[in-house]
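With PDB, C-alpha atoms inside, this is structure.pdb:
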```pdb
ATOM      1  CA  MET A   1    -122.031  97.104-198.918
ATOM      2  CA  ILE A   2    -125.480  95.602-198.446
ATOM      3  CA  SER A   3    -127.870  94.242-201.065
ATOM      4  CA  VAL A   4    -131.360  92.853-200.529
ATOM      5  CA  GLN A   5    -132.440  91.455-203.875
ATOM      6  CA  SER A   6    -134.502  88.814-205.632
ATOM      7  CA  ASP A   7    -131.696  88.051-208.112
ATOM      8  CA  ASP A   8    -129.083  85.372-207.509
ATOM      9  CA  PHE A   9    -125.479  86.380-206.796
ATOM     10  CA  ASP A  10    -122.080  85.182-208.039
ATOM     11  CA  VAL A  11    -119.810  84.188-205.146
ATOM     12  CA  ALA A  12    -116.694  84.329-207.373
ATOM     13  CA  ALA A  13    -117.475  87.921-208.370
ATOM     14  CA  GLU A  14    -118.162  88.865-204.745
ATOM     15  CA  TYR A  15    -114.909  87.231-203.631
ATOM     16  CA  ALA A  16    -112.981  89.090-206.345
ATOM     17  CA  ALA A  17    -114.468  92.390-205.155
ATOM     18  CA  LEU A  18    -113.547  91.593-201.527
ATOM     19  CA  ARG A  19    -110.016  90.659-202.592
ATOM     20  CA  ASP A  20    -109.617  94.114-204.118
ATOM     21  CA  SER A  21    -109.584  95.723-200.657
ATOM     22  CA  GLY A  22    -105.965  96.819-200.368
ATOM     23  CA  ALA A  23    -102.590  95.387-199.424
ATOM     24  CA  GLY A  24    -103.485  95.335-195.722
ATOM     25  CA  THR A  25    -105.963  92.493-196.225
ATOM     26  CA  GLY A  26    -104.503  89.139-195.264
ATOM     27  CA  ALA A  27    -107.693  87.102-194.857
ATOM     28  CA  ILE A  28    -111.127  86.808-196.417
ATOM     29  CA  ALA A  29    -113.891  84.747-194.777
ATOM     30  CA  THR A  30    -117.130  84.110-196.616
ATOM     31  CA  PHE A  31    -120.355  82.297-195.788
ATOM     32  CA  THR A  32    -123.115  81.261-198.185
ATOM     33  CA  GLY A  33    -126.499  79.965-197.010
ATOM     34  CA  LEU A  34    -128.557  77.661-199.246
ATOM     35  CA  VAL A  35    -132.162  76.433-199.385
ATOM     36  CA  ARG A  36    -132.249  72.878-198.002
ATOM     37  CA  ASP A  37    -134.959  70.236-198.113
ATOM     38  CA  SER A  38    -135.756  70.150-194.415
ATOM     39  CA  GLY A  39    -136.376  72.890-191.879
ATOM     40  CA  ASP A  40    -139.397  73.077-189.588
ATOM     41  CA  LEU A  41    -140.967  70.705-192.136
ATOM     42  CA  GLN A  42    -139.642  67.757-194.155
ATOM     43  CA  GLY A  43    -139.906  67.698-197.941
ATOM     44  CA  VAL A  44    -139.320  71.423-198.431
ATOM     45  CA  THR A  45    -139.375  72.276-202.136
ATOM     46  CA  GLY A  46    -138.695  75.985-201.843
ATOM     47  CA  LEU A  47    -138.881  79.129-199.725
ATOM     48  CA  TYR A  48    -140.564  82.507-199.848
ATOM     49  CA  LEU A  49    -138.652  85.309-198.128
ATOM     50  CA  GLU A  50    -140.125  88.651-197.091
ATOM     51  CA  HIS A  51    -138.326  91.679-195.614
ATOM     52  CA  TYR A  52    -138.994  95.159-194.264
ATOM     53  CA  PRO A  53    -137.483  97.475-196.905
ATOM     54  CA  GLY A  54    -135.358 100.159-195.317
ATOM     55  CA  MET A  55    -135.252  98.703-191.810
ATOM     56  CA  THR A  56    -133.573  95.504-193.019
ATOM     57  CA  GLU A  57    -130.702  97.405-194.615
ATOM     58  CA  GLN A  58    -130.337  99.671-191.555
ATOM     59  CA  VAL A  59    -130.149  96.699-189.179
ATOM     60  CA  ILE A  60    -127.527  94.928-191.309
ATOM     61  CA  GLN A  61    -125.458  98.132-191.547
ATOM     62  CA  GLY A  62    -125.622  98.323-187.745
ATOM     63  CA  LEU A  63    -124.301  94.758-187.505
ATOM     64  CA  ILE A  64    -121.383  95.586-189.842
ATOM     65  CA  ASP A  65    -120.663  98.698-187.754
ATOM     66  CA  ASP A  66    -120.730  96.589-184.551
ATOM     67  CA  ALA A  67    -118.406  94.017-186.123
ATOM     68  CA  SER A  68    -116.029  96.787-187.217
ATOM     69  CA  LYS A  69    -115.766  98.036-183.625
ATOM     70  CA  ARG A  70    -114.940  94.549-182.301
ATOM     71  CA  TRP A  71    -112.631  93.224-185.016
ATOM     72  CA  ASP A  72    -110.412  94.442-187.819
ATOM     73  CA  VAL A  73    -112.862  94.675-190.743
ATOM     74  CA  ARG A  74    -111.389  96.143-193.935
ATOM     75  CA  LYS A  75    -114.433  95.477-196.042
ATOM     76  CA  ALA A  76    -117.734  93.666-195.508
ATOM     77  CA  ARG A  77    -120.350  92.507-197.985
ATOM     78  CA  VAL A  78    -123.831  91.166-197.195
ATOM     79  CA  ILE A  79    -126.313  89.956-199.809
ATOM     80  CA  HIS A  80    -129.711  88.533-198.843
ATOM     81  CA  ARG A  81    -132.260  87.326-201.339
ATOM     82  CA  VAL A  82    -136.035  87.768-201.026
ATOM     83  CA  GLY A  83    -139.025  86.388-202.907
ATOM     84  CA  ARG A  84    -139.422  82.801-204.049
ATOM     85  CA  LEU A  85    -136.384  80.541-203.944
ATOM     86  CA  ALA A  86    -135.995  76.929-205.063
ATOM     87  CA  LEU A  87    -134.209  74.037-203.403
ATOM     88  CA  CYS A  88    -130.393  74.477-203.378
ATOM     89  CA  ASP A  89    -130.691  78.184-204.305
ATOM     90  CA  GLN A  90    -128.363  80.613-202.579
ATOM     91  CA  ILE A  91    -130.126  82.680-199.881
ATOM     92  CA  VAL A  92    -127.472  84.754-198.165
ATOM     93  CA  PHE A  93    -123.827  85.758-198.550
ATOM     94  CA  VAL A  94    -121.569  87.319-195.919
ATOM     95  CA  GLY A  95    -117.963  88.183-196.767
ATOM     96  CA  VAL A  96    -115.402  89.939-194.570
ATOM     97  CA  CYS A  97    -111.826  91.088-195.276
ATOM     98  CA  SER A  98    -109.430  91.481-192.355
ATOM     99  CA  ALA A  99    -105.714  91.642-191.742
ATOM    100  CA  HIS A 100    -105.811  88.239-189.997
ATOM    101  CA  ARG A 101    -107.970  85.104-190.188
ATOM    102  CA  GLY A 102    -109.204  85.266-186.593
ATOM    103  CA  ASP A 103    -110.885  88.614-187.148
ATOM    104  CA  ALA A 104    -112.244  87.560-190.554
ATOM    105  CA  PHE A 105    -113.783  84.337-189.176
ATOM    106  CA  ALA A 106    -115.209  86.045-186.092
ATOM    107  CA  ALA A 107    -116.690  89.058-187.871
ATOM    108  CA  CYS A 108    -118.231  86.885-190.602
ATOM    109  CA  GLU A 109    -119.793  84.497-188.082
ATOM    110  CA  PHE A 110    -121.003  87.350-185.847
ATOM    111  CA  ILE A 111    -122.708  89.168-188.740
ATOM    112  CA  MET A 112    -124.403  85.958-189.891
ATOM    113  CA  ASP A 113    -125.528  84.902-186.394
ATOM    114  CA  ALA A 114    -126.817  88.370-185.509
ATOM    115  CA  LEU A 115    -128.555  88.750-188.882
ATOM    116  CA  LYS A 116    -130.611  85.618-188.188
ATOM    117  CA  THR A 117    -132.120  87.043-185.015
ATOM    118  CA  SER A 118    -132.229  90.785-185.680
ATOM    119  CA  ALA A 119    -132.588  91.603-189.388
ATOM    120  CA  PRO A 120    -136.264  91.753-190.389
ATOM    121  CA  PHE A 121    -136.543  88.850-192.811
ATOM    122  CA  TRP A 122    -139.228  86.162-192.609
ATOM    123  CA  LYS A 123    -138.993  82.766-194.237
ATOM    124  CA  LYS A 124    -141.904  80.635-195.378
ATOM    125  CA  GLU A 125    -141.277  76.992-196.221
ATOM    126  CA  ILE A 126    -143.103  75.578-199.231
ATOM    127  CA  THR A 127    -143.861  71.838-199.429
ATOM    128  CA  SER A 128    -146.123  69.709-201.589
ATOM    129  CA  ASP A 129    -148.623  69.790-198.667
ATOM    130  CA  GLY A 130    -148.729  73.549-198.261
ATOM    131  CA  GLU A 131    -146.848  76.508-196.817
ATOM    132  CA  HIS A 132    -145.610  77.300-193.309
ATOM    133  CA  TRP A 133    -144.004  80.429-191.791
ATOM    134  CA  VAL A 134    -140.783  79.349-190.081
ATOM    135  CA  GLU A 135    -140.559  79.911-186.311
ATOM    136  CA  GLN A 136    -137.457  81.515-184.792
ATOM    137  CA  LYS A 137    -135.171  78.842-183.318
ATOM    138  CA  GLU A 138    -133.936  78.852-179.736
ATOM    139  CA  SER A 139    -130.586  77.617-181.098
ATOM    140  CA  ASP A 140    -130.328  80.735-183.303
ATOM    141  CA  ARG A 141    -131.193  82.992-180.359
ATOM    142  CA  ALA A 142    -128.552  81.241-178.235
ATOM    143  CA  ARG A 143    -125.862  81.640-180.923
ATOM    144  CA  SER A 144    -126.627  85.335-181.219
ATOM    145  CA  GLU A 145    -126.595  85.776-177.428
ATOM    146  CA  ASP A 146    -123.157  84.103-177.263
ATOM    147  CA  TRP A 147    -121.629  87.116-179.007
ATOM    148  CA  LYS A 148    -122.764  89.552-176.289
TER     149      LYS A 148
ATOM    150  CA  MET B   1    -148.920 100.983-189.236
ATOM    151  CA  ARG B   2    -147.395  98.113-191.163
ATOM    152  CA  PHE B   3    -147.707  94.351-190.750
ATOM    153  CA  PHE B   4    -145.345  91.719-192.091
ATOM    154  CA  ALA B   5    -145.155  87.975-192.800
ATOM    155  CA  ARG B   6    -147.605  85.750-190.866
ATOM    156  CA  LEU B   7    -149.329  88.777-189.317
ATOM    157  CA  ARG B   8    -149.802  90.408-192.720
ATOM    158  CA  GLU B   9    -151.387  87.229-194.048
ATOM    159  CA  ASP B  10    -153.528  86.413-190.994
ATOM    160  CA  LEU B  11    -154.810  89.987-190.624
ATOM    161  CA  LYS B  12    -155.287  90.300-194.399
ATOM    162  CA  THR B  13    -153.755  93.765-194.375
ATOM    163  CA  ASP B  14    -150.278  95.191-194.729
ATOM    164  CA  GLN B  15    -151.036  98.789-193.751
ATOM    165  CA  LEU B  16    -153.466 100.685-191.529
ATOM    166  CA  ALA B  17    -153.644 104.263-190.286
ATOM    167  CA  ILE B  18    -154.559 105.284-186.738
ATOM    168  CA  ASP B  19    -154.917 108.652-185.065
ATOM    169  CA  ALA B  20    -152.149 109.352-182.569
ATOM    170  CA  ARG B  21    -152.994 110.986-179.240
ATOM    171  CA  PRO B  22    -150.716 112.263-176.486
ATOM    172  CA  GLY B  23    -149.254 109.427-174.448
ATOM    173  CA  LEU B  24    -150.265 106.690-176.883
ATOM    174  CA  THR B  25    -147.912 103.691-176.687
ATOM    175  CA  ALA B  26    -147.265 100.814-179.078
ATOM    176  CA  GLY B  27    -148.769  98.519-176.434
ATOM    177  CA  ASP B  28    -151.974 100.608-176.412
ATOM    178  CA  VAL B  29    -152.209 100.206-180.174
ATOM    179  CA  LEU B  30    -151.724  96.425-179.895
ATOM    180  CA  ALA B  31    -154.457  96.217-177.241
ATOM    181  CA  GLU B  32    -156.887  98.286-179.311
ATOM    182  CA  LEU B  33    -156.259  96.200-182.419
ATOM    183  CA  ALA B  34    -156.566  92.919-180.471
ATOM    184  CA  SER B  35    -159.928  94.042-179.038
ATOM    185  CA  GLN B  36    -161.430  93.685-182.534
ATOM    186  CA  GLY B  37    -161.294  89.904-181.980
ATOM    187  CA  GLY B  38    -160.901  87.243-184.668
ATOM    188  CA  PRO B  39    -157.388  87.051-186.117
ATOM    189  CA  TRP B  40    -156.502  90.302-184.311
ATOM    190  CA  ASP B  41    -156.518  88.348-180.994
ATOM    191  CA  GLN B  42    -153.035  87.059-181.768
ATOM    192  CA  LEU B  43    -151.566  90.545-181.258
ATOM    193  CA  GLN B  44    -151.986  89.865-177.541
ATOM    194  CA  GLY B  45    -151.772  86.067-177.644
ATOM    195  CA  ASP B  46    -149.068  83.566-176.757
ATOM    196  CA  GLN B  47    -146.911  84.225-179.788
ATOM    197  CA  PRO B  48    -144.511  87.149-179.461
ATOM    198  CA  VAL B  49    -145.131  90.245-181.577
ATOM    199  CA  MET B  50    -142.127  92.408-182.403
ATOM    200  CA  ILE B  51    -142.562  96.191-182.593
ATOM    201  CA  ALA B  52    -140.663  98.766-184.632
ATOM    202  CA  ILE B  53    -141.167 102.524-184.643
ATOM    203  CA  ASN B  54    -139.678 104.434-187.556
ATOM    204  CA  GLN B  55    -137.799 101.267-188.554
ATOM    205  CA  ALA B  56    -136.044 100.834-185.188
ATOM    206  CA  MET B  57    -136.951  98.120-182.679
ATOM    207  CA  ALA B  58    -139.273  99.398-179.935
ATOM    208  CA  LYS B  59    -141.112  98.118-176.861
ATOM    209  CA  PRO B  60    -144.776  98.052-175.823
ATOM    210  CA  GLY B  61    -144.119 101.087-173.638
ATOM    211  CA  SER B  62    -142.604 103.118-176.483
ATOM    212  CA  GLU B  63    -144.588 106.241-177.297
ATOM    213  CA  VAL B  64    -146.133 106.606-180.760
ATOM    214  CA  LYS B  65    -146.361 110.119-182.175
ATOM    215  CA  ALA B  66    -148.271 111.508-185.143
ATOM    216  CA  GLY B  67    -146.474 110.656-188.380
ATOM    217  CA  ASP B  68    -144.541 107.718-186.895
ATOM    218  CA  GLU B  69    -144.261 104.496-188.880
ATOM    219  CA  LEU B  70    -145.280 101.734-186.490
ATOM    220  CA  ALA B  71    -144.696  98.118-187.539
ATOM    221  CA  PHE B  72    -145.699  94.785-186.017
ATOM    222  CA  PHE B  73    -144.177  91.463-187.064
ATOM    223  CA  PRO B  74    -143.276  87.955-185.850
ATOM    224  CA  PRO B  75    -139.733  87.142-184.628
ATOM    225  CA  VAL B  76    -137.391  87.253-187.608
ATOM    226  CA  THR B  77    -136.227  84.121-189.448
ATOM    227  CA  GLY B  78    -133.861  85.172-192.221
ATOM    228  CA  GLY B  79    -130.483  83.805-193.205
TER     229      GLY B  79
END
```
In structure tokens, what does this structure look like?
Amino acid sequence: MISVQSDDFDVAAEYAALRDSGAGTGAIATFTGLVRDSGDLQGVTGLYLEHYPGMTEQVIQGLIDDASKRWDVRKARVIHRVGRLALCDQIVFVGVCSAHRGDAFAACEFIMDALKTSAPFWKKEITSDGEHWVEQKESDRARSEDWK
Amino acid sequence: MRFFARLREDLKTDQLAIDARPGLTAGDVLAELASQGGPWDQLQGDQPVMIAINQAMAKPGSEVKAGDELAFFPPVTGG
């Protein structure tokens, strides 16, 4: 299931929902991304996130489908927040249930890495000196390419 | 046509309509928009512009038909 929302999310509730995925699940891997104080700029006080409604959800569903073809994925959950976020706020959650840990780790990391370079979200850093649209990182492109 | 993020802000518009014609490509549209000059220059500048047609990634050579939703945006930076 995919949610793009301005509201915060509760990792414990998401984990509980993933855990309720049947007796075949032996592993759950989750990732949570947070707003930190340095990115392209130092002294970041918050972020503004924009997305392309409709396309964003389709792209993420495609990534879950790709992950499900490569690894055992019993259930996958992606939440991405948009709008204004403050320092230390949660931005993104990816959770994957699998029979075994290797598949859970790999599918979770793949979805997160691919999301960063293919899902239409754009991040603007906010500092006391102004605002700045974040540039895509070569390191993120390289991580995503590594899965091909 | 839709514009997102830095392009939306720089161009001061999030939507525009154009008339489609046979053989029109997304690259043709970019060139025509860029020819207006000013902030529109960046559509053919050094910074990459991503293209989507009907919410699927496309290329400059992709054909645009009447009724299509064409979108231009900077490389994505979510997560």
Do a neighbour search on range 38-51 of chain A at 8 Å with all atoms listed in the file, toss out local chain neighbours closer than 5 positions, and write the hits as a VMD selection string. (chain A and resid 56 81 to 87 120 to 128 134 to 135) or (chain B and resid 4 to 5 78)
Write out the residues from the selection above, keeping C-alpha atoms, as a CSV table (one decimal), in the frame of the given file.
```csv
chain,number,residue,atom,x,y,z
A,56,THR,CA,-133.6,95.5,-193.0
A,81,ARG,CA,-132.3,87.3,-201.3
A,82,VAL,CA,-136.0,87.8,-201.0
A,83,GLY,CA,-139.0,86.4,-202.9
A,84,ARG,CA,-139.4,82.8,-204.0
A,85,LEU,CA,-136.4,80.5,-203.9
A,86,ALA,CA,-136.0,76.9,-205.1
A,87,LEU,CA,-134.2,74.0,-203.4
A,120,PRO,CA,-136.3,91.8,-190.4
A,121,PHE,CA,-136.5,88.8,-192.8
A,122,TRP,CA,-139.2,86.2,-192.6
A,123,LYS,CA,-139.0,82.8,-194.2
A,124,LYS,CA,-141.9,80.6,-195.4
A,125,GLU,CA,-141.3,77.0,-196.2
A,126,ILE,CA,-143.1,75.6,-199.2
A,127,THR,CA,-143.9,71.8,-199.4
A,128,SER,CA,-146.1,69.7,-201.6
A,134,VAL,CA,-140.8,79.3,-190.1
A,135,GLU,CA,-140.6,79.9,-186.3
B,4,PHE,CA,-145.3,91.7,-192.1
B,5,ALA,CA,-145.2,88.0,-192.8
B,78,GLY,CA,-133.9,85.2,-192.2
```
Counting all atoms listed in the file, I want the residues whose atoms come within 7 Å of (-152.1, 93.9, -184.4) in the file frame, returned as a PyMOL selection string. chain B and resi 30+33-34+40+43+72
Take the selection from the previous step and output its residues with C-alpha atoms, as a PDB file, in the frame of the given file.
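Once everything was written out, this is again_15.pdb:
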```pdb
ATOM      1  CA  LEU B  30    -151.724  96.425-179.895  1.00  0.00           C
ATOM      2  CA  LEU B  33    -156.259  96.200-182.419  1.00  0.00           C
ATOM      3  CA  ALA B  34    -156.566  92.919-180.471  1.00  0.00           C
ATOM      4  CA  TRP B  40    -156.502  90.302-184.311  1.00  0.00           C
ATOM      5  CA  LEU B  43    -151.566  90.545-181.258  1.00  0.00           C
ATOM      6  CA  PHE B  72    -145.699  94.785-186.017  1.00  0.00           C
TER       7      PHE B  72
END
```
Rank nothing, just name the residue among A:Cys97, A:Ala106, A:Ala29, A:Val4 nearest to Gln58 in chain A, using only C-alpha atoms. A:Val4
Give me, as number ranges by chain, the contact residues of chain B against chain A at a cut-off of 12 Å, counting only C-alpha atoms. B: 2-10, 14, 47-48, 50-57, 69-79
Around range 90-101 of chain A, with edges along x, y and z and 8 Å added on all six sides, what centre and edge lengths do you get, in Å to one decimal, as AutoDock Vina command-line options?
```
--center_x -117.9 --center_y 86.1 --center_z -196.3 --size_x 40.4 --size_y 27.0 --size_z 28.6
```
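Between CA of Thr30 in chain A and CA of Glu138 in chain A the interatomic distance comes to 24.4 Å.
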Counting only C-alpha atoms, figure out which residue out of A:Asp72, A:Asp8, A:Asp146, A:Glu14 gets nearest to Phe31 in chain A.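 Among A:Asp72, A:Asp8, A:Asp146, A:Glu14, it is A:Glu14 that comes nearest to Phe31 in chain A.
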Counting all atoms listed in the file, what is within 9 Å of Ile64 in chain A, bar same-chain residues fewer than 2 positions away, as a tab-separated table (two decimals) with C-alpha atoms, keeping the file's coordinate frame?
```tsv
chain	number	residue	atom	x	y	z
A	59	VAL	CA	-130.15	96.70	-189.18
A	60	ILE	CA	-127.53	94.93	-191.31
A	61	GLN	CA	-125.46	98.13	-191.55
A	62	GLY	CA	-125.62	98.32	-187.74
A	66	ASP	CA	-120.73	96.59	-184.55
A	67	ALA	CA	-118.41	94.02	-186.12
A	68	SER	CA	-116.03	96.79	-187.22
A	69	LYS	CA	-115.77	98.04	-183.62
A	73	VAL	CA	-112.86	94.68	-190.74
A	76	ALA	CA	-117.73	93.67	-195.51
A	77	ARG	CA	-120.35	92.51	-197.98
A	78	VAL	CA	-123.83	91.17	-197.20
A	107	ALA	CA	-116.69	89.06	-187.87
A	111	ILE	CA	-122.71	89.17	-188.74
```
Which residues are close to Ser62 in chain B, i.e. within 10 Å by only C-alpha atoms, leaving aside same-chain residues fewer than 2 positions away? Reply as a CSV table (one decimal) with C-alpha atoms, in the frame of the given file.
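Below is the file result33.csv, written as the result:
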```csv
chain,number,residue,atom,x,y,z
B,23,GLY,CA,-149.3,109.4,-174.4
B,24,LEU,CA,-150.3,106.7,-176.9
B,25,THR,CA,-147.9,103.7,-176.7
B,26,ALA,CA,-147.3,100.8,-179.1
B,27,GLY,CA,-148.8,98.5,-176.4
B,28,ASP,CA,-152.0,100.6,-176.4
B,51,ILE,CA,-142.6,96.2,-182.6
B,52,ALA,CA,-140.7,98.8,-184.6
B,53,ILE,CA,-141.2,102.5,-184.6
B,57,MET,CA,-137.0,98.1,-182.7
B,58,ALA,CA,-139.3,99.4,-179.9
B,59,LYS,CA,-141.1,98.1,-176.9
B,60,PRO,CA,-144.8,98.1,-175.8
B,64,VAL,CA,-146.1,106.6,-180.8
B,65,LYS,CA,-146.4,110.1,-182.2
```
Just to confirm, what's the straight-line distance from CA of Arg74 in chain A to CA of Ser98 in chain A in Å (one decimal)?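 That distance, rounded to one decimal, is 5.3 Å.
For the pair CA of Val11 in chain A and CA of Glu57 in chain A, the separation is 20.1 Å.
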Completed range 66-75 of chain B (all heavy atoms) as a PDB file, in the coordinates of the input:
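File produced: rebuild.pdb:
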```
ATOM      1  N   ALA B  66    -147.668 111.301-183.819  1.00  0.00           N
ATOM      2  CA  ALA B  66    -148.271 111.508-185.143  1.00  0.00           C
ATOM      3  C   ALA B  66    -147.177 111.461-186.213  1.00  0.00           C
ATOM      4  O   ALA B  66    -146.106 112.046-186.026  1.00  0.00           O
ATOM      5  CB  ALA B  66    -148.985 112.856-185.176  1.00  0.00           C
ATOM      6  N   GLY B  67    -147.433 110.747-187.281  1.00  0.00           N
ATOM      7  CA  GLY B  67    -146.474 110.656-188.380  1.00  0.00           C
ATOM      8  C   GLY B  67    -145.487 109.510-188.242  1.00  0.00           C
ATOM      9  O   GLY B  67    -144.748 109.215-189.191  1.00  0.00           O
ATOM     10  N   ASP B  68    -145.458 108.851-187.070  1.00  0.00           N
ATOM     11  CA  ASP B  68    -144.541 107.718-186.895  1.00  0.00           C
ATOM     12  C   ASP B  68    -144.966 106.545-187.775  1.00  0.00           C
ATOM     13  O   ASP B  68    -146.158 106.348-188.030  1.00  0.00           O
ATOM     14  CB  ASP B  68    -144.546 107.233-185.437  1.00  0.00           C
ATOM     15  CG  ASP B  68    -143.683 108.102-184.533  1.00  0.00           C
ATOM     16  OD1 ASP B  68    -142.949 108.965-185.054  1.00  0.00           O
ATOM     17  OD2 ASP B  68    -143.757 107.906-183.302  1.00  0.00           O
ATOM     18  N   GLU B  69    -143.977 105.768-188.194  1.00  0.00           N
ATOM     19  CA  GLU B  69    -144.261 104.496-188.880  1.00  0.00           C
ATOM     20  C   GLU B  69    -144.119 103.381-187.840  1.00  0.00           C
ATOM     21  O   GLU B  69    -143.023 103.087-187.373  1.00  0.00           O
ATOM     22  CB  GLU B  69    -143.282 104.283-190.027  1.00  0.00           C
ATOM     23  CG  GLU B  69    -143.529 102.976-190.777  1.00  0.00           C
ATOM     24  CD  GLU B  69    -142.611 102.820-191.985  1.00  0.00           C
ATOM     25  OE1 GLU B  69    -142.723 103.647-192.914  1.00  0.00           O
ATOM     26  OE2 GLU B  69    -141.774 101.920-191.980  1.00  0.00           O
ATOM     27  N   LEU B  70    -145.252 102.804-187.493  1.00  0.00           N
ATOM     28  CA  LEU B  70    -145.280 101.734-186.490  1.00  0.00           C
ATOM     29  C   LEU B  70    -145.401 100.419-187.250  1.00  0.00           C
ATOM     30  O   LEU B  70    -146.173 100.319-188.208  1.00  0.00           O
ATOM     31  CB  LEU B  70    -146.499 101.972-185.599  1.00  0.00           C
ATOM     32  CG  LEU B  70    -146.823 101.027-184.459  1.00  0.00           C
ATOM     33  CD1 LEU B  70    -145.686 100.966-183.466  1.00  0.00           C
ATOM     34  CD2 LEU B  70    -148.100 101.518-183.758  1.00  0.00           C
ATOM     35  N   ALA B  71    -144.615  99.414-186.846  1.00  0.00           N
ATOM     36  CA  ALA B  71    -144.696  98.118-187.539  1.00  0.00           C
ATOM     37  C   ALA B  71    -144.775  96.992-186.519  1.00  0.00           C
ATOM     38  O   ALA B  71    -144.141  97.052-185.460  1.00  0.00           O
ATOM     39  CB  ALA B  71    -143.481  97.924-188.440  1.00  0.00           C
ATOM     40  N   PHE B  72    -145.569  95.983-186.852  1.00  0.00           N
ATOM     41  CA  PHE B  72    -145.699  94.785-186.017  1.00  0.00           C
ATOM     42  C   PHE B  72    -145.352  93.573-186.874  1.00  0.00           C
ATOM     43  O   PHE B  72    -145.787  93.477-188.034  1.00  0.00           O
ATOM     44  CB  PHE B  72    -147.137  94.636-185.508  1.00  0.00           C
ATOM     45  CG  PHE B  72    -147.582  95.766-184.634  1.00  0.00           C
ATOM     46  CD1 PHE B  72    -148.614  96.608-185.034  1.00  0.00           C
ATOM     47  CD2 PHE B  72    -146.970  96.010-183.419  1.00  0.00           C
ATOM     48  CE1 PHE B  72    -149.032  97.667-184.231  1.00  0.00           C
ATOM     49  CE2 PHE B  72    -147.373  97.066-182.605  1.00  0.00           C
ATOM     50  CZ  PHE B  72    -148.410  97.895-183.014  1.00  0.00           C
ATOM     51  N   PHE B  73    -144.561  92.649-186.290  1.00  0.00           N
ATOM     52  CA  PHE B  73    -144.177  91.463-187.064  1.00  0.00           C
ATOM     53  C   PHE B  73    -143.743  90.331-186.142  1.00  0.00           C
ATOM     54  O   PHE B  73    -143.389  90.574-184.979  1.00  0.00           O
ATOM     55  CB  PHE B  73    -143.077  91.808-188.076  1.00  0.00           C
ATOM     56  CG  PHE B  73    -141.939  92.657-187.564  1.00  0.00           C
ATOM     57  CD1 PHE B  73    -140.908  92.108-186.824  1.00  0.00           C
ATOM     58  CD2 PHE B  73    -141.902  94.021-187.853  1.00  0.00           C
ATOM     59  CE1 PHE B  73    -139.846  92.891-186.389  1.00  0.00           C
ATOM     60  CE2 PHE B  73    -140.847  94.826-187.410  1.00  0.00           C
ATOM     61  CZ  PHE B  73    -139.816  94.259-186.676  1.00  0.00           C
ATOM     62  N   PRO B  74    -143.738  89.094-186.649  1.00  0.00           N
ATOM     63  CA  PRO B  74    -143.276  87.955-185.850  1.00  0.00           C
ATOM     64  C   PRO B  74    -141.757  88.010-185.685  1.00  0.00           C
ATOM     65  O   PRO B  74    -141.077  88.723-186.435  1.00  0.00           O
ATOM     66  CB  PRO B  74    -143.664  86.734-186.697  1.00  0.00           C
ATOM     67  CG  PRO B  74    -144.520  87.237-187.800  1.00  0.00           C
ATOM     68  CD  PRO B  74    -144.199  88.675-187.984  1.00  0.00           C
ATOM     69  N   PRO B  75    -141.196  87.241-184.736  1.00  0.00           N
ATOM     70  CA  PRO B  75    -139.733  87.142-184.628  1.00  0.00           C
ATOM     71  C   PRO B  75    -139.124  86.783-185.987  1.00  0.00           C
ATOM     72  O   PRO B  75    -139.707  86.006-186.752  1.00  0.00           O
ATOM     73  CB  PRO B  75    -139.542  86.003-183.615  1.00  0.00           C
ATOM     74  CG  PRO B  75    -140.756  86.080-182.750  1.00  0.00           C
ATOM     75  CD  PRO B  75    -141.877  86.445-183.693  1.00  0.00           C
TER      76      PRO B  75
END
```
